[in-house]
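> To be precise about what I am sending: the file is called run03.tsv and holds TSV, C-alpha atoms and all ligand atoms.
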```
chain	number	residue	atom	x	y	z
A	151	MET	CA	-20.05	-78.63	77.75
A	152	LYS	CA	-19.58	-80.48	81.05
A	153	ASN	CA	-15.87	-81.16	80.55
A	154	LYS	CA	-15.02	-77.65	79.47
A	155	THR	CA	-13.39	-75.33	81.99
A	156	ASN	CA	-15.59	-72.38	82.86
A	157	LEU	CA	-13.29	-69.36	82.77
A	158	VAL	CA	-15.77	-67.08	84.58
A	159	GLY	CA	-14.88	-67.29	88.25
A	160	LEU	CA	-11.15	-67.86	87.67
A	161	THR	CA	-8.71	-65.40	89.22
A	162	LEU	CA	-5.83	-63.90	87.25
A	163	ALA	CA	-3.45	-66.53	88.65
A	164	GLU	CA	-5.93	-69.29	87.80
A	165	CYS	CA	-6.29	-67.98	84.23
A	166	GLU	CA	-2.49	-68.04	83.90
A	167	ALA	CA	-2.41	-71.60	85.25
A	168	PHE	CA	-5.15	-72.61	82.80
A	169	ALA	CA	-3.14	-71.17	79.87
A	170	GLU	CA	-0.12	-73.22	80.93
A	171	LYS	CA	-2.26	-76.32	81.37
A	172	ILE	CA	-3.34	-76.16	77.73
A	173	GLY	CA	0.27	-75.70	76.60
A	174	GLU	CA	0.29	-71.92	76.21
A	175	LYS	CA	2.46	-69.19	77.73
A	176	LYS	CA	1.36	-67.70	81.02
A	177	TYR	CA	0.68	-64.27	79.50
A	178	ARG	CA	-2.12	-65.78	77.39
A	179	GLY	CA	-3.94	-66.27	80.69
A	180	ARG	CA	-3.58	-62.54	81.42
A	181	GLN	CA	-5.05	-61.79	77.99
A	182	LEU	CA	-7.98	-64.11	78.70
A	183	TYR	CA	-8.59	-62.48	82.07
A	184	LYS	CA	-8.73	-59.05	80.43
A	185	TRP	CA	-11.09	-60.19	77.69
A	186	ILE	CA	-13.49	-61.76	80.19
A	187	TYR	CA	-13.56	-59.21	83.02
A	188	VAL	CA	-12.52	-55.92	81.39
A	189	LYS	CA	-13.91	-56.24	77.87
A	190	LYS	CA	-16.63	-58.62	79.06
A	191	THR	CA	-16.70	-60.70	75.95
A	192	ALA	CA	-18.56	-64.00	75.91
A	193	PHE	CA	-17.02	-65.35	72.70
A	194	PHE	CA	-13.49	-66.56	71.94
A	195	ASP	CA	-13.91	-65.37	68.34
A	196	GLU	CA	-13.89	-61.78	69.58
A	197	MET	CA	-10.46	-62.16	71.22
A	198	THR	CA	-8.68	-60.62	68.30
A	199	ASP	CA	-5.21	-60.49	69.84
A	200	LEU	CA	-5.18	-64.28	70.25
A	201	PRO	CA	-4.05	-66.45	67.31
A	202	ALA	CA	-6.87	-68.21	65.46
A	203	LEU	CA	-5.46	-71.62	66.43
A	204	LEU	CA	-5.55	-70.71	70.11
A	205	ARG	CA	-9.11	-69.44	69.78
A	206	ASP	CA	-10.08	-72.81	68.30
A	207	LYS	CA	-8.29	-74.61	71.13
A	208	LEU	CA	-10.12	-72.47	73.69
A	209	ALA	CA	-13.46	-73.20	72.07
A	210	GLU	CA	-12.74	-76.91	72.47
A	211	THR	CA	-11.51	-76.81	76.06
A	212	ALA	CA	-13.19	-73.85	77.74
A	213	ARG	CA	-16.34	-71.80	77.99
A	214	ILE	CA	-17.18	-68.34	79.24
A	215	GLY	CA	-20.05	-68.65	81.69
A	216	PHE	CA	-23.26	-70.49	81.13
A	217	LEU	CA	-26.14	-68.56	82.67
A	218	GLU	CA	-29.19	-68.68	80.47
A	219	ILE	CA	-31.66	-65.80	80.71
A	220	ALA	CA	-35.05	-67.38	81.36
A	221	ASP	CA	-37.08	-64.24	81.96
A	222	VAL	CA	-36.74	-60.49	82.29
A	223	ASP	CA	-39.32	-58.60	84.29
A	224	ASP	CA	-39.10	-54.88	83.60
A	225	ARG	CA	-42.66	-53.93	84.50
A	226	SER	CA	-41.65	-51.96	87.58
A	227	LEU	CA	-42.32	-48.25	87.23
A	228	SER	CA	-39.24	-47.54	89.34
A	229	GLY	CA	-36.89	-48.72	86.58
A	230	SER	CA	-35.72	-51.79	88.48
A	231	VAL	CA	-35.46	-54.93	86.35
A	232	LYS	CA	-35.54	-58.49	87.59
A	233	TYR	CA	-33.51	-61.11	85.72
A	234	LEU	CA	-34.28	-64.79	86.04
A	235	PHE	CA	-31.45	-67.18	85.15
A	236	LYS	CA	-31.74	-70.87	84.38
A	237	LEU	CA	-28.80	-72.96	85.54
A	238	PRO	CA	-27.57	-76.06	83.69
A	239	ASP	CA	-29.21	-78.30	86.32
A	240	ASN	CA	-32.57	-76.61	85.68
A	241	PHE	CA	-32.61	-74.54	88.85
A	242	PHE	CA	-33.45	-70.86	88.72
A	243	ILE	CA	-31.85	-67.88	90.42
A	244	GLU	CA	-32.55	-64.19	90.15
A	245	SER	CA	-30.76	-60.86	90.19
A	246	VAL	CA	-32.29	-57.41	90.39
A	247	TYR	CA	-30.98	-54.30	88.66
A	248	ILE	CA	-31.80	-51.18	90.68
A	249	PRO	CA	-31.00	-47.82	89.07
A	250	ASP	CA	-30.67	-44.65	91.07
A	251	VAL	CA	-29.62	-41.09	90.33
A	252	SER	CA	-25.97	-41.74	91.13
A	253	ARG	CA	-25.56	-45.51	90.90
A	254	LYS	CA	-26.56	-48.70	89.15
A	255	THR	CA	-26.87	-51.41	91.74
A	256	LEU	CA	-27.18	-55.12	91.16
A	257	CYS	CA	-28.64	-57.34	93.85
A	258	ILE	CA	-27.24	-60.83	93.29
A	259	SER	CA	-27.86	-64.36	94.56
A	260	SER	CA	-25.38	-66.56	96.39
A	261	GLN	CA	-27.37	-69.81	96.64
A	262	VAL	CA	-30.23	-71.59	94.87
A	263	GLY	CA	-32.90	-71.14	97.53
A	264	CYS	CA	-31.91	-70.84	101.18
A	265	ALA	CA	-31.92	-73.05	104.26
A	266	LEU	CA	-32.44	-70.31	106.82
A	267	ASN	CA	-36.21	-70.21	106.57
A	268	CYS	CA	-36.84	-66.59	107.55
A	269	ARG	CA	-40.59	-66.39	107.89
A	270	PHE	CA	-41.04	-63.24	105.80
A	271	CYS	CA	-38.94	-64.38	102.83
A	272	ALA	CA	-40.08	-65.81	99.49
A	273	THR	CA	-36.73	-67.53	98.88
A	274	ALA	CA	-37.10	-69.46	102.13
A	275	LYS	CA	-40.10	-71.29	100.68
A	276	LEU	CA	-37.80	-72.94	98.10
A	277	GLY	CA	-35.54	-74.51	100.74
A	278	LEU	CA	-31.85	-74.86	99.93
A	279	LYS	CA	-31.12	-76.55	96.61
A	280	ARG	CA	-27.39	-75.86	96.44
A	281	HIS	CA	-24.63	-73.25	96.72
A	282	LEU	CA	-23.71	-71.16	93.69
A	283	SER	CA	-20.16	-71.46	92.42
A	284	THR	CA	-17.93	-68.40	92.22
A	285	GLY	CA	-18.47	-68.41	88.45
A	286	GLU	CA	-22.26	-68.48	88.80
A	287	ILE	CA	-22.12	-65.51	91.17
A	288	VAL	CA	-19.81	-63.40	89.00
A	289	ASP	CA	-21.62	-64.39	85.82
A	290	GLN	CA	-24.83	-62.72	87.04
A	291	VAL	CA	-22.95	-59.43	86.92
A	292	LEU	CA	-21.16	-60.03	83.61
A	293	THR	CA	-24.30	-61.25	81.83
A	294	ILE	CA	-26.40	-58.30	82.96
A	295	MET	CA	-23.67	-55.79	82.10
A	296	ARG	CA	-23.52	-57.28	78.61
A	297	MET	CA	-27.28	-57.33	78.20
A	298	ARG	CA	-27.69	-53.77	79.36
A	299	ASP	CA	-24.49	-52.55	77.75
A	300	GLU	CA	-23.66	-50.52	80.83
A	301	GLU	CA	-21.43	-50.69	83.88
A	302	ILE	CA	-22.73	-51.70	87.28
A	303	SER	CA	-21.43	-49.43	90.05
A	304	ASN	CA	-22.64	-51.24	93.18
A	305	ILE	CA	-23.23	-54.85	94.19
A	306	VAL	CA	-25.36	-56.10	97.06
A	307	PHE	CA	-25.38	-59.74	98.14
A	308	MET	CA	-29.04	-59.58	99.15
A	309	GLY	CA	-30.62	-61.84	96.55
A	310	MET	CA	-31.41	-65.51	97.04
A	311	GLY	CA	-29.40	-67.27	99.72
A	312	GLU	CA	-27.38	-66.54	102.84
A	313	PRO	CA	-23.97	-65.34	101.59
A	314	PHE	CA	-22.04	-66.50	104.67
A	315	ALA	CA	-23.44	-70.02	104.27
A	316	ASN	CA	-21.50	-70.09	100.98
A	317	TYR	CA	-18.60	-68.14	102.45
A	318	GLU	CA	-15.61	-69.15	100.30
A	319	ASN	CA	-17.39	-68.74	96.95
A	320	VAL	CA	-18.93	-65.40	97.97
A	321	ILE	CA	-15.64	-63.96	99.19
A	322	LYS	CA	-13.83	-65.15	96.07
A	323	ALA	CA	-16.59	-63.67	93.87
A	324	ALA	CA	-16.52	-60.32	95.71
A	325	THR	CA	-12.72	-60.28	95.41
A	326	LEU	CA	-12.98	-60.87	91.65
A	327	LEU	CA	-15.67	-58.22	91.25
A	328	SER	CA	-13.48	-55.66	93.01
A	329	ASP	CA	-10.18	-56.54	91.32
A	330	ASP	CA	-8.63	-53.36	89.90
A	331	ASN	CA	-7.24	-55.38	86.98
A	332	GLY	CA	-10.68	-56.77	86.15
A	333	LEU	CA	-14.22	-55.63	86.84
A	334	ALA	CA	-12.93	-53.00	89.27
A	335	ILE	CA	-16.11	-52.42	91.26
A	336	GLY	CA	-14.76	-50.71	94.39
A	337	ALA	CA	-14.79	-52.91	97.49
A	338	ARG	CA	-16.67	-50.19	99.37
A	339	ARG	CA	-19.42	-50.45	96.76
A	340	ILE	CA	-19.97	-54.13	97.49
A	341	VAL	CA	-22.25	-55.03	100.41
A	342	ILE	CA	-22.48	-58.52	101.88
A	343	SER	CA	-25.64	-58.99	103.90
A	344	THR	CA	-25.93	-61.79	106.44
A	345	ALA	CA	-28.84	-63.01	108.54
A	346	GLY	CA	-26.38	-63.23	111.42
A	347	ILE	CA	-24.01	-66.20	111.27
A	348	ALA	CA	-21.86	-65.03	114.15
A	349	ASP	CA	-18.79	-67.21	113.63
A	350	LYS	CA	-18.56	-66.14	109.98
A	351	ILE	CA	-18.83	-62.47	110.99
A	352	ILE	CA	-15.83	-63.02	113.29
A	353	ARG	CA	-13.94	-64.81	110.51
A	354	TYR	CA	-14.80	-62.03	108.08
A	355	ALA	CA	-13.46	-59.46	110.55
A	356	ASP	CA	-10.28	-61.45	111.17
A	357	GLU	CA	-9.61	-61.83	107.45
A	358	GLY	CA	-9.79	-58.05	107.00
A	359	HIS	CA	-12.04	-57.86	103.95
A	360	LYS	CA	-12.84	-54.40	102.62
A	361	PHE	CA	-16.40	-55.09	101.44
A	362	ARG	CA	-19.16	-53.53	103.48
A	363	LEU	CA	-21.13	-55.66	105.91
A	364	ALA	CA	-24.85	-55.58	106.65
A	365	ILE	CA	-26.71	-57.63	109.25
A	366	SER	CA	-30.38	-58.42	108.96
A	367	LEU	CA	-31.63	-57.79	112.51
A	368	ASN	CA	-35.42	-57.37	112.21
A	369	SER	CA	-36.14	-57.52	115.92
A	370	PRO	CA	-34.13	-56.48	118.98
A	371	PHE	CA	-35.87	-59.16	121.06
A	372	GLN	CA	-34.46	-62.69	121.05
A	373	GLU	CA	-37.80	-64.47	121.37
A	374	GLN	CA	-39.41	-62.62	118.50
A	375	ARG	CA	-36.28	-62.69	116.36
A	376	SER	CA	-36.00	-66.46	116.68
A	377	GLN	CA	-39.61	-66.78	115.56
A	378	LEU	CA	-39.02	-64.58	112.53
A	379	MET	CA	-35.52	-65.91	111.82
A	380	PRO	CA	-34.92	-69.47	113.07
A	381	ILE	CA	-31.14	-68.94	112.64
A	382	SER	CA	-31.43	-66.83	115.80
A	383	ARG	CA	-31.88	-70.06	117.80
A	384	ARG	CA	-28.35	-71.05	116.75
A	385	TRP	CA	-26.79	-67.59	117.16
A	386	ASP	CA	-28.93	-65.44	119.41
A	387	VAL	CA	-29.22	-61.68	119.25
A	388	ASN	CA	-26.49	-61.17	121.85
A	389	ASN	CA	-24.05	-63.48	119.99
A	390	VAL	CA	-24.73	-61.70	116.72
A	391	LEU	CA	-24.40	-58.21	118.16
A	392	ALA	CA	-21.17	-59.17	119.95
A	393	ALA	CA	-19.78	-60.40	116.60
A	394	VAL	CA	-20.88	-57.18	114.88
A	395	LYS	CA	-19.20	-55.08	117.57
A	396	TYR	CA	-16.04	-57.17	117.15
A	397	TYR	CA	-16.18	-56.56	113.40
A	398	ALA	CA	-16.70	-52.80	113.83
A	399	LYS	CA	-13.79	-52.53	116.25
A	400	LYS	CA	-11.41	-54.70	114.26
A	401	SER	CA	-12.21	-53.31	110.81
A	402	ARG	CA	-12.92	-49.73	111.87
A	403	LYS	CA	-15.80	-49.87	109.44
A	404	ILE	CA	-19.40	-49.05	110.17
A	405	PRO	CA	-21.75	-52.01	109.63
A	406	THR	CA	-25.40	-51.57	108.70
A	407	LEU	CA	-28.24	-53.07	110.69
A	408	GLU	CA	-31.10	-53.91	108.35
A	409	TYR	CA	-34.56	-53.95	109.78
A	410	VAL	CA	-37.53	-55.21	107.76
A	411	LEU	CA	-40.60	-53.43	109.14
A	412	LEU	CA	-43.60	-55.74	109.57
A	413	ASP	CA	-46.91	-54.09	110.29
A	414	GLY	CA	-47.96	-54.43	113.93
A	415	LEU	CA	-45.18	-56.89	114.72
A	416	ASN	CA	-41.82	-55.16	115.03
A	417	ASP	CA	-42.72	-51.52	114.38
A	418	THR	CA	-43.79	-50.43	117.88
A	419	LYS	CA	-42.24	-47.80	120.11
A	420	GLU	CA	-40.95	-50.58	122.36
A	421	HIS	CA	-39.03	-52.04	119.40
A	422	ALA	CA	-37.68	-48.64	118.39
A	423	THR	CA	-36.48	-47.95	121.94
A	424	ALA	CA	-34.69	-51.31	122.16
A	425	LEU	CA	-33.20	-50.87	118.69
A	426	LYS	CA	-31.96	-47.41	119.57
A	427	LYS	CA	-30.26	-48.80	122.65
A	428	ILE	CA	-28.41	-51.32	120.46
A	429	VAL	CA	-27.41	-48.69	117.98
A	430	LYS	CA	-26.03	-46.46	120.72
A	431	SER	CA	-23.86	-49.31	121.97
A	432	MET	CA	-21.74	-49.54	118.79
A	433	PRO	CA	-20.93	-47.70	115.57
A	434	CYS	CA	-23.56	-48.72	113.01
A	435	LYS	CA	-26.07	-47.42	110.53
A	436	VAL	CA	-29.71	-48.47	110.38
A	437	ASN	CA	-31.54	-49.30	107.19
A	438	LEU	CA	-35.31	-49.60	107.58
A	439	ILE	CA	-36.97	-51.73	104.89
A	440	PRO	CA	-40.78	-51.60	104.80
A	441	TYR	CA	-41.79	-55.19	104.12
A	442	ASN	CA	-42.54	-56.16	100.54
A	443	PRO	CA	-45.54	-58.54	100.64
A	444	THR	CA	-44.96	-62.07	99.35
A	445	GLY	CA	-48.52	-63.28	99.77
A	446	ASP	CA	-48.11	-64.65	103.31
A	447	ASN	CA	-49.24	-63.56	106.75
A	448	PHE	CA	-47.24	-60.35	107.02
A	449	SER	CA	-48.03	-56.90	105.75
A	450	ARG	CA	-46.24	-53.65	105.23
A	451	PRO	CA	-46.81	-50.77	107.66
A	452	GLY	CA	-48.20	-47.59	106.15
A	453	ALA	CA	-45.92	-44.69	105.32
A	454	ALA	CA	-47.00	-42.78	108.45
A	455	GLN	CA	-45.99	-45.68	110.70
A	456	VAL	CA	-42.66	-46.09	108.91
A	457	ASN	CA	-41.95	-42.39	109.42
A	458	GLN	CA	-43.01	-42.61	113.05
A	459	PHE	CA	-40.65	-45.55	113.64
A	460	ALA	CA	-37.80	-43.59	112.02
A	461	GLN	CA	-38.59	-40.57	114.21
A	462	TRP	CA	-38.46	-42.72	117.35
A	463	LEU	CA	-34.93	-43.77	116.39
A	464	LEU	CA	-33.60	-40.27	115.78
A	465	PRO	CA	-31.11	-38.81	116.38
A	466	LEU	CA	-28.62	-41.47	115.31
A	467	ASN	CA	-24.93	-40.74	114.95
A	468	ALA	CA	-23.97	-42.92	111.99
A	469	GLY	CA	-27.08	-42.63	109.83
A	470	LEU	CA	-30.58	-43.86	109.20
A	471	SER	CA	-32.15	-44.64	105.86
A	472	VAL	CA	-35.48	-46.01	104.70
A	473	ARG	CA	-35.33	-48.30	101.68
A	474	TRP	CA	-38.67	-48.59	100.01
A	475	SER	CA	-38.75	-51.57	97.69
A	476	LYS	CA	-38.24	-50.52	94.08
A	477	GLY	CA	-40.69	-52.64	92.22
A	478	ASP	CA	-43.41	-53.87	94.52
A	479	ASP	CA	-45.49	-53.87	91.36
A	480	SER	CA	-43.34	-56.61	89.92
A	481	ASN	CA	-42.52	-59.60	92.12
A	482	ALA	CA	-39.91	-57.50	93.84
A	483	ALA	CA	-39.17	-59.57	96.93
A	484	CYS	CA	-36.18	-61.83	96.51
A	485	GLY	CA	-37.16	-65.35	95.52
A	486	GLN	CA	-40.61	-64.54	94.18
A	487	LEU	CA	-39.88	-64.93	90.49
A	488	ALA	CA	-37.58	-67.94	90.93
A	489	GLY	CA	-40.15	-69.49	93.25
A	490	LYS	CA	-42.77	-69.34	90.53
A	491	LYS	CA	-40.42	-70.85	87.94
A	492	GLN	CA	-39.19	-73.51	90.32
A	493	GLU	CA	-42.75	-74.66	90.78
A	494	TRP	CA	-42.97	-75.15	87.03
A	495	VAL	CA	-39.98	-77.50	86.86
A	496	ARG	CA	-40.87	-79.71	89.81
B	501	LIG	S1	-34.09	-63.55	104.14
B	501	LIG	FE1	-32.10	-64.17	103.28
B	501	LIG	S2	-31.27	-65.55	104.87
B	501	LIG	FE2	-33.47	-65.40	105.30
B	501	LIG	S3	-34.40	-67.12	104.19
B	501	LIG	FE3	-34.45	-65.33	102.82
B	501	LIG	S4	-32.62	-65.51	101.55
B	501	LIG	FE4	-32.33	-66.84	103.36
```
Please rewrite the model in this file as structure tokens.
Ligand code: SF4

Amino acid sequence: MKNKTNLVGLTLAECEAFAEKIGEKKYRGRQLYKWIYVKKTAFFDEMTDLPALLRDKLAETARIGFLEIADVDDRSLSGSVKYLFKLPDNFFIESVYIPDVSRKTLCISSQVGCALNCRFCATAKLGLKRHLSTGEIVDQVLTIMRMRDEEISNIVFMGMGEPFANYENVIKAATLLSDDNGLAIGARRIVISTAGIADKIIRYADEGHKFRLAISLNSPFQEQRSQLMPISRRWDVNNVLAAVKYYAKKSRKIPTLEYVLLDGLNDTKEHATALKKIVKSMPCKVNLIPYNPTGDNFSRPGAAQVNQFAQWLLPLNAGLSVRWSKGDDSNAACGQLAGKKQEWVR
């Protein structure tokens, strides 16, 4: 399998180039692209408009993805389902399917583990094992669509890993996911969430991508933020917010500030006042996320405190939402399920 070309993750032009490389006409590459991303087939035998000889040749030289489902956790009463994938090098990653009235969202991973070491995060405990390839990112979506036999309407890069630490593969994957000739998930329905790598936010703005951007803020105060998120020692709050303002101005899009609420730590009136001041200084939405316990030192504030914090922030021009975790009854925090499996293979 190692020498076979993985077709998942190839663009239309790359599929055409692959067809030519194996001695076929360019249009065969367009057919392949359609079979993989539009019809979502995983088997060459199903590609009925390709000659049998070509299907045999493809089976010898290529493969369509490789993610192996290791576990499916559908115990959550909310309807969310967590998928655990085993990679060929025995690492595990996870994706979470989150249904809602009007959308089916998939939260996907961009790395195996993560190097950023946010104190409240289960994935951080794994450390960084490696980046995911474009194919491994896109294949999470294709595999789950096939398993569920339904379309996914929204994608969030909020699973394992820091997307901007794997910038090229994430942007290429998001571009493939949104391609009108392929999976056709609208760019505005794809959210890339970063812990705040300021130079990549600037690059992202300069490159003019249409995907939505979210920044995990979690504290308006540099000292506390750098304790919670060590990346803040490299790019401090002011650097990150300056980059976000640059992005908002350049793209004319409204970024989202995500704020994980930790009981007694960052949910005080002082925090809300400072956060409100930030929000008033630029166009942005705020997404409050009551912490989902991962068995460490932090805990989730009660509903009354969450509501109080939201009230302190109001009124906000661009919007405020509270995202309660869907599935706190089922290892819902990113990295929890993979963390358990990873321990097994060590
Ligand atoms: S919260 Fe995100 S960026 Fe921080 S350690 Fe976890 S996966 Fe990495």
> Give me, as a list of chain:residue names, the set of residues whose atoms come within 6 Å of any atom of ligand LIG 501 (chain B), counting all atoms listed in the file.
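Final answer, ordered by chain and number: A:Cys264, A:Leu266, A:Asn267, A:Cys268, A:Cys271, A:Thr273, A:Ala274, A:Met310, A:Gly311, A:Glu312, A:Ala345.
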> Using Å and a single decimal, report how far CA of Trp185 (chain A) sits from CA of Glu244 (chain A).
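So the answer is 25.1 Å.
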> What lies within 8 Å of region 232-238 of chain A using all atoms listed in the file, ignoring chain neighbours under 6 positions off, as a list of chain:residue names?
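Here the answer would be A:Phe216, A:Leu217, A:Glu218, A:Ile219, A:Ala220, A:Asp221, A:Val222, A:Asp223, A:Asp224, A:Glu244, A:Ser245, A:Val246, A:Tyr247, A:Ala482, A:Leu487, A:Ala488.
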> Give me the region 450-479 of chain A side of the contact with region 400-416 of chain A, cut-off 10 Å, one line per residue showing its nearest atom pair and distance in Å at one decimal, counting all atoms listed in the file, sorted by chain and residue number, as a tab-separated table.

```
residue	atom	partner	partner_atom	distance
A:Arg450	CA	A:Asp413	CA	5.1
A:Pro451	CA	A:Asp413	CA	4.2
A:Gly452	CA	A:Asp413	CA	7.8
A:Gln455	CA	A:Asp413	CA	8.5
A:Val456	CA	A:Leu411	CA	7.6
A:Phe459	CA	A:Leu411	CA	9.1
A:Ala468	CA	A:Ile404	CA	7.9
A:Gly469	CA	A:Thr406	CA	9.2
A:Leu470	CA	A:Thr406	CA	9.3
A:Ser471	CA	A:Glu408	CA	9.7
A:Val472	CA	A:Tyr409	CA	9.5
A:Arg473	CA	A:Val410	CA	9.5
```
> Excluding same-chain residues fewer than 6 positions from Pro313 (chain A), what lies within 8 Å of it counting only C-alpha atoms, as JSON, numbers by chain?
{"A": [260, 261, 307, 320, 342, 343, 344]}
> Which one of A:Lys154, A:Arg269, A:Lys184, A:Lys426 sits closest to Ile381 (chain A) if you count all atoms listed in the file?
A:Arg269
> Looking at A:Leu425, A:Gly179, A:Tyr396, A:Asn319, which one is nearest to Gly358 (chain A), with distances taken over all atoms listed in the file?
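Of A:Leu425, A:Gly179, A:Tyr396, A:Asn319, the one nearest Gly358 (chain A), counting all atoms listed in the file, is A:Tyr396.
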> Which is closest to Phe193 (chain A) among A:Gly309, A:Gly215, A:Gly336, A:Pro440, if we use only C-alpha atoms?
A:Gly215
